[in-house]
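These notes are about the structure you will find just below.
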Amino acid sequence: MLVKKKQRTYQRATIYFSSGTGNSYRVAKWFYETCLAKNIISELIPVNIAQPTKEISASAKQLVALAFPTHGLLPPWSVIKFLFRMPRKKKTHFFCIPTRGSLYIGPLLLPGAAGLASFLPSLILLFKGFRTKGAVGFDMPVNMTFIHPTLTPKHASRVVARAKRKSERYFELFFRKNSLWLTRNNLYELIWSIPLLYFIPLFPILYLIIGKFFMGKILFANNNCTGCGTCAKSCPVGAVIMKSVKNRKTKRPYWRYNCEACLRCFNFCSQRAVVAGHSWGALLWYIGVLVAFGGGLFTLITGVLPWLQSFRNWWTIELFNAVFYYPAFITAYFLYFQLMRIKLLNSFFTYTSLVRFFGQYHEPDTSLKNLTERAAPVNN
């Protein structure tokens, strides 16, 4: 006689989320609502205001879930840092919920890929004593709207509706089976991850570097900016600060190098004042090419010290390049910020930006308040 396995019951669920435009928040909210429906005391907390040492106890009766967007097959750097500062808790159960961007090409829906983002958080917390109970990735509308057009409202609603149906199926499966590892979803992530990391092993690191030294540094405030500071106040990693510009009373946003290109500032600006300067991006890339002297410099040095030739490889060349790249980018962006106070130049970079055609996107039912405040513990 077969004995039916009992459904796992938890007393408490702490659901953390990191979300720029609301996609990951929405999936986290669906999981939160599922927990409430099962009479589990549940709370929904943004990662940037979380206090995990106070919120997590070492008990098999507590479930910790984490929802976040995928950046280059990995969690965002702020989420990785959050995982490392999580407390050591034996017995506590953990569930990973990455989101990935999907888009339509004509009538065809192309899914995204979370890759290692589905597995790395569980691996980190496994070493902290957590019992990792599964992962499931969700396709949500692509939101990198400064490099591609937004989905039409019709297509975006289709993607969200599809993800909602998937959440109902997989979340119920998680509670019924007490884990969620052996799924087609996770097999798909492995199929994506292994060949990509085999052929381009540095892809996640390169994505991180490009994000910090390029993506966030082509953003600027156009002449519509009122200096309200909403972008700075709502930035989840504190990457946007308001700085005074010479001869101007109104402060303007300035993007620092901890920017993760989550695009909350871009997609939630009511004045549409945050712009991606694509023409500036092309110029910034050209600056990078001009200062890439690492290979030539290494050749000159090895002409004097031939024994250094044995150390010549990709890493040493990039180390030499870094001496030129990063100071050049930092200096260039500082000058760029100062020049944006000239209305004519500001208008030029605004009208040569493709964002006029790409539009804005944030999850339709999500507000800034949802992304910046915690939902207090609730038990239905």
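Scheme for the structure tokens: letters A, B, ... for chains in order shown; per-chain residue numbers from 1; ligand numbers from 1 in order shown.
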Can you list every residue of range 261-286 of chain A that has an atom at most 10 Å from range 337-358 of chain A, with its nearest atom pair and the distance in Å to one decimal, using only C-alpha atoms, ordered by chain then number, as JSON lines?
```
{"residue": "A:Phe266", "atom": "CA", "partner": "A:Val355", "partner_atom": "CA", "distance": 9.9}
{"residue": "A:Arg272", "atom": "CA", "partner": "A:Arg356", "partner_atom": "CA", "distance": 9.6}
{"residue": "A:Ala273", "atom": "CA", "partner": "A:Thr350", "partner_atom": "CA", "distance": 9.4}
{"residue": "A:Val274", "atom": "CA", "partner": "A:Thr350", "partner_atom": "CA", "distance": 9.5}
{"residue": "A:Val275", "atom": "CA", "partner": "A:Thr350", "partner_atom": "CA", "distance": 6.8}
{"residue": "A:Ala276", "atom": "CA", "partner": "A:Ser353", "partner_atom": "CA", "distance": 6.3}
{"residue": "A:Gly277", "atom": "CA", "partner": "A:Ser353", "partner_atom": "CA", "distance": 5.3}
{"residue": "A:His278", "atom": "CA", "partner": "A:Ser353", "partner_atom": "CA", "distance": 5.1}
{"residue": "A:Ser279", "atom": "CA", "partner": "A:Thr352", "partner_atom": "CA", "distance": 6.2}
{"residue": "A:Trp280", "atom": "CA", "partner": "A:Phe349", "partner_atom": "CA", "distance": 7.0}
{"residue": "A:Gly281", "atom": "CA", "partner": "A:Ser353", "partner_atom": "CA", "distance": 9.8}
```
Go ahead and write the residues just picked, N, CA and C atoms, as an mmCIF file, in the first residue's frame.
```
data_model
loop_
_atom_site.group_PDB
_atom_site.id
_atom_site.type_symbol
_atom_site.label_atom_id
_atom_site.label_comp_id
_atom_site.auth_asym_id
_atom_site.auth_seq_id
_atom_site.Cartn_x
_atom_site.Cartn_y
_atom_site.Cartn_z
ATOM 1 N N PHE A 266 15.129 54.809 -14.443
ATOM 2 C CA PHE A 266 14.769 55.061 -15.844
ATOM 3 C C PHE A 266 13.278 54.834 -16.096
ATOM 4 N N ARG A 272 9.992 61.371 -17.373
ATOM 5 C CA ARG A 272 10.801 60.751 -18.430
ATOM 6 C C ARG A 272 12.106 61.528 -18.619
ATOM 7 N N ALA A 273 12.684 61.888 -17.487
ATOM 8 C CA ALA A 273 13.888 62.713 -17.519
ATOM 9 C C ALA A 273 15.170 61.900 -17.513
ATOM 10 N N VAL A 274 15.086 60.621 -17.184
ATOM 11 C CA VAL A 274 16.279 59.771 -17.187
ATOM 12 C C VAL A 274 16.420 59.169 -18.579
ATOM 13 N N VAL A 275 17.574 59.408 -19.172
ATOM 14 C CA VAL A 275 17.803 59.037 -20.568
ATOM 15 C C VAL A 275 19.097 58.241 -20.674
ATOM 16 N N ALA A 276 19.108 57.288 -21.585
ATOM 17 C CA ALA A 276 20.344 56.580 -21.917
ATOM 18 C C ALA A 276 20.965 57.264 -23.130
ATOM 19 N N GLY A 277 22.143 57.794 -22.965
ATOM 20 C CA GLY A 277 22.807 58.504 -24.057
ATOM 21 C C GLY A 277 23.514 57.524 -24.982
ATOM 22 N N HIS A 278 22.831 57.058 -26.008
ATOM 23 C CA HIS A 278 23.436 56.073 -26.902
ATOM 24 C C HIS A 278 24.608 56.658 -27.690
ATOM 25 N N SER A 279 24.505 57.914 -28.089
ATOM 26 C CA SER A 279 25.630 58.537 -28.790
ATOM 27 C C SER A 279 26.819 58.689 -27.847
ATOM 28 N N TRP A 280 26.512 58.977 -26.572
ATOM 29 C CA TRP A 280 27.579 59.045 -25.565
ATOM 30 C C TRP A 280 28.190 57.659 -25.352
ATOM 31 N N GLY A 281 27.343 56.612 -25.375
ATOM 32 C CA GLY A 281 27.847 55.255 -25.225
ATOM 33 C C GLY A 281 28.832 54.899 -26.323
#
```
Give me, as a PyMOL selection string, the residues of range 114-323 of chain A that a backbone DSSP run labels strand (DSSP E).
chain A and resi 131-135+138-141+219-221+240-243+252-255+274-276
For Thr230 in chain A, list every protein, DNA or RNA residue within 10 Å, evaluated using only C-alpha atoms, and leave out those in the same chain fewer than 3 positions away; present the list as a PDB file with C-alpha atoms, in the first residue's frame.
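As a result, around.pdb now contains:
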```
ATOM      1  CA  GLY A 227      15.485  67.658  -9.291  1.00  0.00           C
ATOM      2  CA  LYS A 233      15.566  57.963  -2.924  1.00  0.00           C
ATOM      3  CA  SER A 234      14.252  54.809  -4.565  1.00  0.00           C
ATOM      4  CA  CYS A 235      17.546  53.358  -5.872  1.00  0.00           C
ATOM      5  CA  VAL A 240      22.087  57.475  -7.583  1.00  0.00           C
ATOM      6  CA  MET A 242      21.828  64.183  -6.234  1.00  0.00           C
ATOM      7  CA  PRO A 253      21.145  62.746 -10.418  1.00  0.00           C
ATOM      8  CA  CYS A 265      15.255  55.233 -12.084  1.00  0.00           C
ATOM      9  CA  PHE A 268       9.692  54.986 -12.995  1.00  0.00           C
ATOM     10  CA  CYS A 269      10.622  58.613 -13.722  1.00  0.00           C
ATOM     11  CA  SER A 270       7.336  60.502 -14.068  1.00  0.00           C
ATOM     12  CA  LEU A 368       7.447  52.394  -6.219  1.00  0.00           C
TER      13      LEU A 368
END
```
Skip Thr145 in chain A itself and residues of its chain fewer than 5 positions away, then list as a list in words all residues within 7 Å of it, counting only C-alpha atoms.
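The residues that qualify are Thr150, Phe358, Gly359, Gln360 and Tyr361 of chain A.
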So that each row is one residue of range 340-377 of chain A with an atom at most 10 Å from range 24-38 of chain A, can you give its shortest atom pair and the distance in Å to one decimal, using only C-alpha atoms, rows by chain and rising number, as JSON lines?
```
{"residue": "A:Glu363", "atom": "CA", "partner": "A:Arg26", "partner_atom": "CA", "distance": 7.6}
{"residue": "A:Pro364", "atom": "CA", "partner": "A:Arg26", "partner_atom": "CA", "distance": 9.7}
{"residue": "A:Asp365", "atom": "CA", "partner": "A:Arg26", "partner_atom": "CA", "distance": 8.2}
{"residue": "A:Thr366", "atom": "CA", "partner": "A:Arg26", "partner_atom": "CA", "distance": 7.4}
{"residue": "A:Asn370", "atom": "CA", "partner": "A:Tyr25", "partner_atom": "CA", "distance": 8.0}
{"residue": "A:Leu371", "atom": "CA", "partner": "A:Tyr25", "partner_atom": "CA", "distance": 7.0}
{"residue": "A:Ala375", "atom": "CA", "partner": "A:Tyr32", "partner_atom": "CA", "distance": 9.8}
{"residue": "A:Pro377", "atom": "CA", "partner": "A:Leu36", "partner_atom": "CA", "distance": 9.9}
```
Straight-line distance linking CA of Ile330 in chain A with CA of Ala239 in chain A, stated in Å to one decimal:
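One can read the CA of Ile330 in chain A to CA of Ala239 in chain A distance as 14.7 Å.
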